[in-house]
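Content type compact mmCIF, all heavy atoms, from the file coords.txt:
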```txt
# COMPACT_ATOMS: atom_id res chain seq x y z
N MET A 1 0.86 -1.18 0.00
CA MET A 1 0.00 0.00 0.00
C MET A 1 0.90 1.23 0.00
O MET A 1 1.82 1.34 0.80
CB MET A 1 -0.90 -0.03 1.24
CG MET A 1 -2.06 0.91 1.12
SD MET A 1 -3.22 0.98 2.52
CE MET A 1 -3.47 -0.67 3.01
N SER A 2 0.61 2.16 -0.89
CA SER A 2 1.43 3.36 -0.98
C SER A 2 1.13 4.32 0.17
O SER A 2 0.15 4.16 0.89
CB SER A 2 1.19 4.06 -2.32
OG SER A 2 -0.05 4.72 -2.30
N GLY A 3 1.98 5.32 0.29
CA GLY A 3 1.82 6.28 1.39
C GLY A 3 0.52 7.05 1.30
O GLY A 3 -0.13 7.29 2.32
N SER A 4 0.12 7.45 0.09
CA SER A 4 -1.11 8.23 -0.04
C SER A 4 -2.34 7.38 0.27
O SER A 4 -3.30 7.88 0.87
CB SER A 4 -1.22 8.83 -1.45
OG SER A 4 -1.28 7.81 -2.42
N THR A 5 -2.31 6.11 -0.11
CA THR A 5 -3.44 5.23 0.19
C THR A 5 -3.53 4.97 1.69
O THR A 5 -4.63 4.97 2.26
CB THR A 5 -3.29 3.90 -0.57
OG1 THR A 5 -3.13 4.17 -1.96
CG2 THR A 5 -4.50 3.02 -0.39
N LYS A 6 -2.39 4.78 2.32
CA LYS A 6 -2.38 4.56 3.77
C LYS A 6 -2.89 5.80 4.50
O LYS A 6 -3.67 5.71 5.44
CB LYS A 6 -0.97 4.21 4.23
CG LYS A 6 -0.90 3.75 5.67
CD LYS A 6 0.50 3.35 6.07
CE LYS A 6 0.87 2.07 5.36
NZ LYS A 6 2.14 1.51 5.84
N ALA A 7 -2.46 6.98 4.04
CA ALA A 7 -2.92 8.23 4.66
C ALA A 7 -4.43 8.40 4.49
O ALA A 7 -5.12 8.86 5.41
CB ALA A 7 -2.19 9.41 4.04
N MET A 8 -4.93 8.03 3.32
CA MET A 8 -6.37 8.12 3.07
C MET A 8 -7.14 7.17 3.99
O MET A 8 -8.20 7.52 4.51
CB MET A 8 -6.66 7.80 1.60
CG MET A 8 -8.03 8.16 1.17
SD MET A 8 -8.19 9.93 1.11
CE MET A 8 -9.68 10.06 0.18
N GLY A 9 -6.60 5.99 4.21
CA GLY A 9 -7.23 5.04 5.13
C GLY A 9 -7.26 5.57 6.56
O GLY A 9 -8.27 5.46 7.26
N ILE A 10 -6.15 6.16 6.99
CA ILE A 10 -6.09 6.74 8.34
C ILE A 10 -7.07 7.90 8.47
O ILE A 10 -7.76 8.04 9.48
CB ILE A 10 -4.65 7.17 8.66
CG1 ILE A 10 -3.76 5.94 8.79
CG2 ILE A 10 -4.59 8.02 9.92
CD1 ILE A 10 -2.28 6.23 8.84
N LEU A 11 -7.15 8.74 7.43
CA LEU A 11 -8.09 9.85 7.42
C LEU A 11 -9.53 9.35 7.51
O LEU A 11 -10.35 9.91 8.25
CB LEU A 11 -7.90 10.69 6.16
CG LEU A 11 -8.88 11.86 5.97
CD1 LEU A 11 -8.65 12.92 7.03
CD2 LEU A 11 -8.71 12.45 4.58
N THR A 12 -9.84 8.29 6.79
CA THR A 12 -11.19 7.73 6.80
C THR A 12 -11.56 7.20 8.19
O THR A 12 -12.66 7.47 8.68
CB THR A 12 -11.32 6.62 5.75
OG1 THR A 12 -11.00 7.16 4.46
CG2 THR A 12 -12.72 6.04 5.70
N VAL A 13 -10.65 6.48 8.81
CA VAL A 13 -10.93 5.95 10.16
C VAL A 13 -11.05 7.10 11.15
O VAL A 13 -11.94 7.10 12.01
CB VAL A 13 -9.83 4.95 10.58
CG1 VAL A 13 -9.97 4.55 12.04
CG2 VAL A 13 -9.88 3.71 9.69
N GLY A 14 -10.17 8.09 11.04
CA GLY A 14 -10.26 9.26 11.92
C GLY A 14 -11.57 10.01 11.76
O GLY A 14 -12.17 10.45 12.73
N ALA A 15 -12.00 10.14 10.50
CA ALA A 15 -13.28 10.81 10.24
C ALA A 15 -14.44 10.03 10.84
O ALA A 15 -15.39 10.62 11.35
CB ALA A 15 -13.48 11.00 8.74
N LEU A 16 -14.36 8.70 10.79
CA LEU A 16 -15.41 7.88 11.40
C LEU A 16 -15.48 8.14 12.90
O LEU A 16 -16.57 8.28 13.46
CB LEU A 16 -15.16 6.40 11.13
CG LEU A 16 -16.14 5.43 11.80
CD1 LEU A 16 -17.56 5.68 11.32
CD2 LEU A 16 -15.72 4.00 11.54
N VAL A 17 -14.34 8.23 13.55
CA VAL A 17 -14.31 8.50 15.00
C VAL A 17 -14.93 9.86 15.29
O VAL A 17 -15.74 10.01 16.21
CB VAL A 17 -12.86 8.41 15.53
CG1 VAL A 17 -12.78 8.91 16.96
CG2 VAL A 17 -12.35 6.99 15.41
N VAL A 18 -14.57 10.86 14.50
CA VAL A 18 -15.09 12.22 14.71
C VAL A 18 -16.59 12.28 14.49
O VAL A 18 -17.34 12.85 15.29
CB VAL A 18 -14.35 13.22 13.80
CG1 VAL A 18 -15.04 14.58 13.81
CG2 VAL A 18 -12.91 13.36 14.22
N VAL A 19 -17.07 11.67 13.41
CA VAL A 19 -18.50 11.69 13.10
C VAL A 19 -19.28 10.94 14.18
O VAL A 19 -20.35 11.38 14.61
CB VAL A 19 -18.77 11.11 11.69
CG1 VAL A 19 -20.26 10.91 11.45
CG2 VAL A 19 -18.18 12.03 10.63
N THR A 20 -18.73 9.81 14.64
CA THR A 20 -19.41 9.05 15.69
C THR A 20 -19.47 9.86 16.99
O THR A 20 -20.50 9.89 17.67
CB THR A 20 -18.68 7.71 15.93
OG1 THR A 20 -18.66 6.99 14.70
CG2 THR A 20 -19.39 6.89 16.98
N ALA A 21 -18.37 10.53 17.34
CA ALA A 21 -18.35 11.35 18.56
C ALA A 21 -19.34 12.50 18.43
O ALA A 21 -20.05 12.82 19.39
CB ALA A 21 -16.94 11.87 18.81
N TYR A 22 -19.39 13.14 17.27
CA TYR A 22 -20.32 14.24 17.04
C TYR A 22 -21.76 13.75 17.20
O TYR A 22 -22.58 14.41 17.85
CB TYR A 22 -20.11 14.82 15.65
CG TYR A 22 -21.03 15.99 15.33
CD1 TYR A 22 -20.63 17.29 15.58
CD2 TYR A 22 -22.30 15.79 14.79
CE1 TYR A 22 -21.46 18.36 15.30
CE2 TYR A 22 -23.13 16.84 14.51
CZ TYR A 22 -22.71 18.13 14.76
OH TYR A 22 -23.54 19.18 14.50
N THR A 23 -22.04 12.58 16.63
CA THR A 23 -23.40 12.02 16.71
C THR A 23 -23.76 11.71 18.16
O THR A 23 -24.88 11.98 18.59
CB THR A 23 -23.50 10.75 15.85
OG1 THR A 23 -23.25 11.11 14.48
CG2 THR A 23 -24.86 10.11 15.95
N ALA A 24 -22.81 11.16 18.92
CA ALA A 24 -23.08 10.82 20.32
C ALA A 24 -23.30 12.08 21.16
O ALA A 24 -24.15 12.10 22.05
CB ALA A 24 -21.94 10.00 20.89
N ALA A 25 -22.54 13.13 20.87
CA ALA A 25 -22.61 14.34 21.69
C ALA A 25 -23.75 15.26 21.29
O ALA A 25 -24.44 15.81 22.15
CB ALA A 25 -21.28 15.09 21.60
N LEU A 26 -23.94 15.47 20.00
CA LEU A 26 -24.87 16.50 19.54
C LEU A 26 -26.04 15.99 18.70
O LEU A 26 -26.88 16.78 18.30
CB LEU A 26 -24.10 17.55 18.73
CG LEU A 26 -22.96 18.24 19.47
CD1 LEU A 26 -22.18 19.13 18.53
CD2 LEU A 26 -23.47 19.04 20.64
N GLY A 27 -26.08 14.72 18.42
CA GLY A 27 -27.16 14.18 17.60
C GLY A 27 -26.70 13.95 16.18
O GLY A 27 -25.68 14.48 15.73
N SER A 28 -27.44 13.15 15.47
CA SER A 28 -27.05 12.72 14.13
C SER A 28 -27.13 13.86 13.12
O SER A 28 -28.00 14.72 13.18
CB SER A 28 -27.95 11.57 13.69
OG SER A 28 -27.54 11.09 12.44
N SER A 29 -26.20 13.85 12.20
CA SER A 29 -26.20 14.78 11.08
C SER A 29 -26.05 13.96 9.80
O SER A 29 -25.01 13.34 9.57
CB SER A 29 -25.05 15.77 11.20
OG SER A 29 -24.96 16.53 10.01
N GLY A 30 -27.08 13.96 8.99
CA GLY A 30 -27.08 13.19 7.76
C GLY A 30 -25.96 13.59 6.82
O GLY A 30 -25.35 12.74 6.15
N TRP A 31 -25.65 14.88 6.77
CA TRP A 31 -24.60 15.36 5.87
C TRP A 31 -23.23 14.85 6.29
O TRP A 31 -22.39 14.53 5.44
CB TRP A 31 -24.58 16.89 5.78
CG TRP A 31 -25.68 17.40 4.91
CD1 TRP A 31 -26.78 18.09 5.31
CD2 TRP A 31 -25.80 17.25 3.49
NE1 TRP A 31 -27.56 18.38 4.23
CE2 TRP A 31 -26.99 17.88 3.10
CE3 TRP A 31 -25.02 16.63 2.52
CZ2 TRP A 31 -27.42 17.91 1.78
CZ3 TRP A 31 -25.44 16.66 1.20
CH2 TRP A 31 -26.62 17.30 0.85
N LEU A 32 -22.98 14.78 7.59
CA LEU A 32 -21.70 14.24 8.06
C LEU A 32 -21.55 12.77 7.69
O LEU A 32 -20.50 12.34 7.22
CB LEU A 32 -21.57 14.40 9.58
CG LEU A 32 -21.25 15.79 10.09
CD1 LEU A 32 -21.23 15.79 11.62
CD2 LEU A 32 -19.92 16.26 9.55
N TRP A 33 -22.62 12.00 7.88
CA TRP A 33 -22.56 10.59 7.53
C TRP A 33 -22.45 10.41 6.02
O TRP A 33 -21.71 9.54 5.55
CB TRP A 33 -23.77 9.84 8.09
CG TRP A 33 -23.63 9.61 9.57
CD1 TRP A 33 -24.30 10.25 10.55
CD2 TRP A 33 -22.72 8.72 10.21
NE1 TRP A 33 -23.87 9.80 11.78
CE2 TRP A 33 -22.91 8.86 11.60
CE3 TRP A 33 -21.78 7.80 9.75
CZ2 TRP A 33 -22.19 8.12 12.52
CZ3 TRP A 33 -21.05 7.07 10.68
CH2 TRP A 33 -21.26 7.23 12.05
N PHE A 34 -23.15 11.22 5.26
CA PHE A 34 -23.03 11.17 3.80
C PHE A 34 -21.59 11.46 3.38
O PHE A 34 -21.02 10.76 2.54
CB PHE A 34 -23.99 12.17 3.15
CG PHE A 34 -23.84 12.26 1.67
CD1 PHE A 34 -24.33 11.26 0.84
CD2 PHE A 34 -23.19 13.34 1.09
CE1 PHE A 34 -24.18 11.34 -0.53
CE2 PHE A 34 -23.03 13.43 -0.28
CZ PHE A 34 -23.53 12.42 -1.10
N GLY A 35 -20.99 12.48 3.96
CA GLY A 35 -19.61 12.81 3.65
C GLY A 35 -18.65 11.69 4.01
O GLY A 35 -17.72 11.39 3.25
N TRP A 36 -18.91 11.03 5.14
CA TRP A 36 -18.04 9.93 5.54
C TRP A 36 -18.18 8.76 4.57
O TRP A 36 -17.19 8.12 4.21
CB TRP A 36 -18.34 9.48 6.97
CG TRP A 36 -17.38 8.40 7.37
CD1 TRP A 36 -16.12 8.57 7.83
CD2 TRP A 36 -17.59 6.99 7.26
NE1 TRP A 36 -15.53 7.34 8.02
CE2 TRP A 36 -16.41 6.36 7.68
CE3 TRP A 36 -18.67 6.21 6.86
CZ2 TRP A 36 -16.28 4.98 7.72
CZ3 TRP A 36 -18.53 4.83 6.88
CH2 TRP A 36 -17.34 4.23 7.32
N VAL A 37 -19.39 8.47 4.13
CA VAL A 37 -19.61 7.39 3.17
C VAL A 37 -18.88 7.68 1.86
O VAL A 37 -18.22 6.81 1.29
CB VAL A 37 -21.12 7.15 2.93
CG1 VAL A 37 -21.35 6.25 1.73
CG2 VAL A 37 -21.77 6.56 4.17
N VAL A 38 -18.97 8.92 1.38
CA VAL A 38 -18.26 9.31 0.16
C VAL A 38 -16.74 9.14 0.36
O VAL A 38 -16.05 8.60 -0.51
CB VAL A 38 -18.62 10.75 -0.26
CG1 VAL A 38 -17.71 11.24 -1.36
CG2 VAL A 38 -20.07 10.83 -0.67
N LEU A 39 -16.23 9.60 1.49
CA LEU A 39 -14.81 9.44 1.79
C LEU A 39 -14.42 7.97 1.81
O LEU A 39 -13.37 7.58 1.28
CB LEU A 39 -14.48 10.12 3.12
CG LEU A 39 -13.03 10.08 3.59
CD1 LEU A 39 -12.14 10.83 2.60
CD2 LEU A 39 -12.91 10.68 4.97
N GLY A 40 -15.25 7.15 2.42
CA GLY A 40 -14.99 5.71 2.46
C GLY A 40 -14.97 5.09 1.08
O GLY A 40 -14.11 4.25 0.79
N LEU A 41 -15.90 5.50 0.23
CA LEU A 41 -15.93 4.96 -1.13
C LEU A 41 -14.70 5.37 -1.93
O LEU A 41 -14.15 4.58 -2.70
CB LEU A 41 -17.21 5.40 -1.85
CG LEU A 41 -18.51 4.78 -1.32
CD1 LEU A 41 -19.71 5.42 -2.01
CD2 LEU A 41 -18.50 3.28 -1.51
N VAL A 42 -14.26 6.60 -1.75
CA VAL A 42 -13.04 7.06 -2.43
C VAL A 42 -11.84 6.25 -1.94
O VAL A 42 -10.98 5.85 -2.73
CB VAL A 42 -12.83 8.57 -2.21
CG1 VAL A 42 -11.46 9.01 -2.68
CG2 VAL A 42 -13.92 9.36 -2.91
N THR A 43 -11.78 5.99 -0.65
CA THR A 43 -10.67 5.20 -0.09
C THR A 43 -10.69 3.78 -0.66
O THR A 43 -9.65 3.26 -1.06
CB THR A 43 -10.77 5.15 1.45
OG1 THR A 43 -10.76 6.49 1.94
CG2 THR A 43 -9.63 4.37 2.05
N VAL A 44 -11.86 3.17 -0.72
CA VAL A 44 -11.97 1.82 -1.28
C VAL A 44 -11.56 1.82 -2.74
O VAL A 44 -10.86 0.90 -3.20
CB VAL A 44 -13.41 1.27 -1.09
CG1 VAL A 44 -13.63 0.02 -1.91
CG2 VAL A 44 -13.68 1.02 0.38
N ALA A 45 -11.96 2.84 -3.48
CA ALA A 45 -11.58 2.93 -4.89
C ALA A 45 -10.07 3.07 -5.05
O ALA A 45 -9.47 2.47 -5.96
CB ALA A 45 -12.29 4.12 -5.55
N MET A 46 -9.43 3.85 -4.17
CA MET A 46 -7.97 3.98 -4.22
C MET A 46 -7.29 2.65 -3.95
O MET A 46 -6.33 2.28 -4.62
CB MET A 46 -7.50 5.02 -3.21
CG MET A 46 -7.76 6.45 -3.61
SD MET A 46 -7.19 7.62 -2.36
CE MET A 46 -5.42 7.42 -2.48
N ILE A 47 -7.78 1.91 -2.96
CA ILE A 47 -7.20 0.61 -2.63
C ILE A 47 -7.39 -0.35 -3.80
O ILE A 47 -6.46 -1.08 -4.16
CB ILE A 47 -7.82 0.07 -1.33
CG1 ILE A 47 -7.40 0.93 -0.15
CG2 ILE A 47 -7.43 -1.39 -1.10
CD1 ILE A 47 -8.15 0.65 1.14
N ALA A 48 -8.57 -0.35 -4.38
CA ALA A 48 -8.84 -1.24 -5.51
C ALA A 48 -7.98 -0.91 -6.72
O ALA A 48 -7.51 -1.81 -7.42
CB ALA A 48 -10.33 -1.18 -5.88
N SER A 49 -7.76 0.37 -6.97
CA SER A 49 -6.96 0.74 -8.14
C SER A 49 -5.48 0.41 -7.93
O SER A 49 -4.77 0.15 -8.89
CB SER A 49 -7.12 2.24 -8.44
OG SER A 49 -6.51 3.02 -7.42
N ARG A 50 -5.01 0.41 -6.70
CA ARG A 50 -3.62 0.04 -6.42
C ARG A 50 -3.40 -1.46 -6.57
O ARG A 50 -2.30 -1.90 -6.81
CB ARG A 50 -3.23 0.45 -4.99
CG ARG A 50 -3.23 1.91 -4.77
CD ARG A 50 -2.05 2.53 -5.42
NE ARG A 50 -2.08 3.98 -5.22
CZ ARG A 50 -1.20 4.80 -5.73
NH1 ARG A 50 -0.23 4.35 -6.48
NH2 ARG A 50 -1.30 6.08 -5.51
N GLY A 51 -4.48 -2.24 -6.41
CA GLY A 51 -4.36 -3.69 -6.52
C GLY A 51 -4.15 -4.17 -7.95
O GLY A 51 -3.67 -5.26 -8.19
N ASN A 52 -4.49 -3.34 -8.92
CA ASN A 52 -4.36 -3.76 -10.33
C ASN A 52 -3.03 -3.40 -10.91
O ASN A 52 -2.35 -2.53 -10.61
CB ASN A 52 -5.46 -3.09 -11.17
CG ASN A 52 -6.82 -3.64 -10.78
OD1 ASN A 52 -6.92 -4.74 -10.28
ND2 ASN A 52 -7.85 -2.85 -10.99
```
In structure tokens, write the structure found in this file.
Amino acid sequence: MSGSTKAMGILTVGALVVVTAYTAALGSSGWLWFGWVVLGLVTVAMIASRGN
């Protein structure tokens, strides 16, 4: 896994922690979860493209 892909994975996991903490403290925000899903899909796409 390249450095940029690893950094993207760390960013995605960090964002999940932040969004989960925000949801627990202040209530759910659909836009935050939507943004995290998009970030996750981009990360998965990066990992898949590196595999080829």
Would you work out the distance separating atom O of Thr5 in chain A from CB of Met46 in chain A, expressed in Å to one decimal?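 Between atom O of Thr5 in chain A and CB of Met46 in chain A the gap is 6.2 Å.
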Of the candidates A:Val37, A:Leu16, A:Ala24, A:Lys6, which one gets nearest to Arg50 in chain A if we count only C-alpha atoms?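 Comparing A:Val37, A:Leu16, A:Ala24, A:Lys6 against Arg50 in chain A, the winner is A:Lys6.
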What lies within 9 Å of Ala15 in chain A using only C-alpha atoms, ignoring chain neighbours under 5 positions off, as a count of residues only? 4
CZ3 of Trp31 in chain A to atom O of Val18 in chain A: how many Å, to one decimal?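 Distance reported for this atom pair: 16.7 Å.
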Using Å and a single decimal, report how far CA of Thr43 in chain A sits from CA of Ser2 in chain A. 12.3 Å
Hey, can I get the axis-aligned box for range 7-21 of chain A? All listed atoms, 3 Å padding on each side, centre and edge lengths in Å to one decimal, as AutoDock Vina command-line options.
```
--center_x -11.3 --center_y 9.1 --center_z 9.8 --size_x 24.3 --size_y 16.9 --size_z 25.2
```
Name the residues in contact with Val19 in chain A at a cut-off of 10 Å, using only C-alpha atoms, excluding same-chain residues fewer than 3 positions from it; report them as a list in words.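 The neighbour list is Val13, Gly14, Ala15, Leu16, Tyr22, Thr23, Ala24, Ala25, Ser28, Ser29, Leu32, Trp33, Gly35 and Trp36 of chain A.
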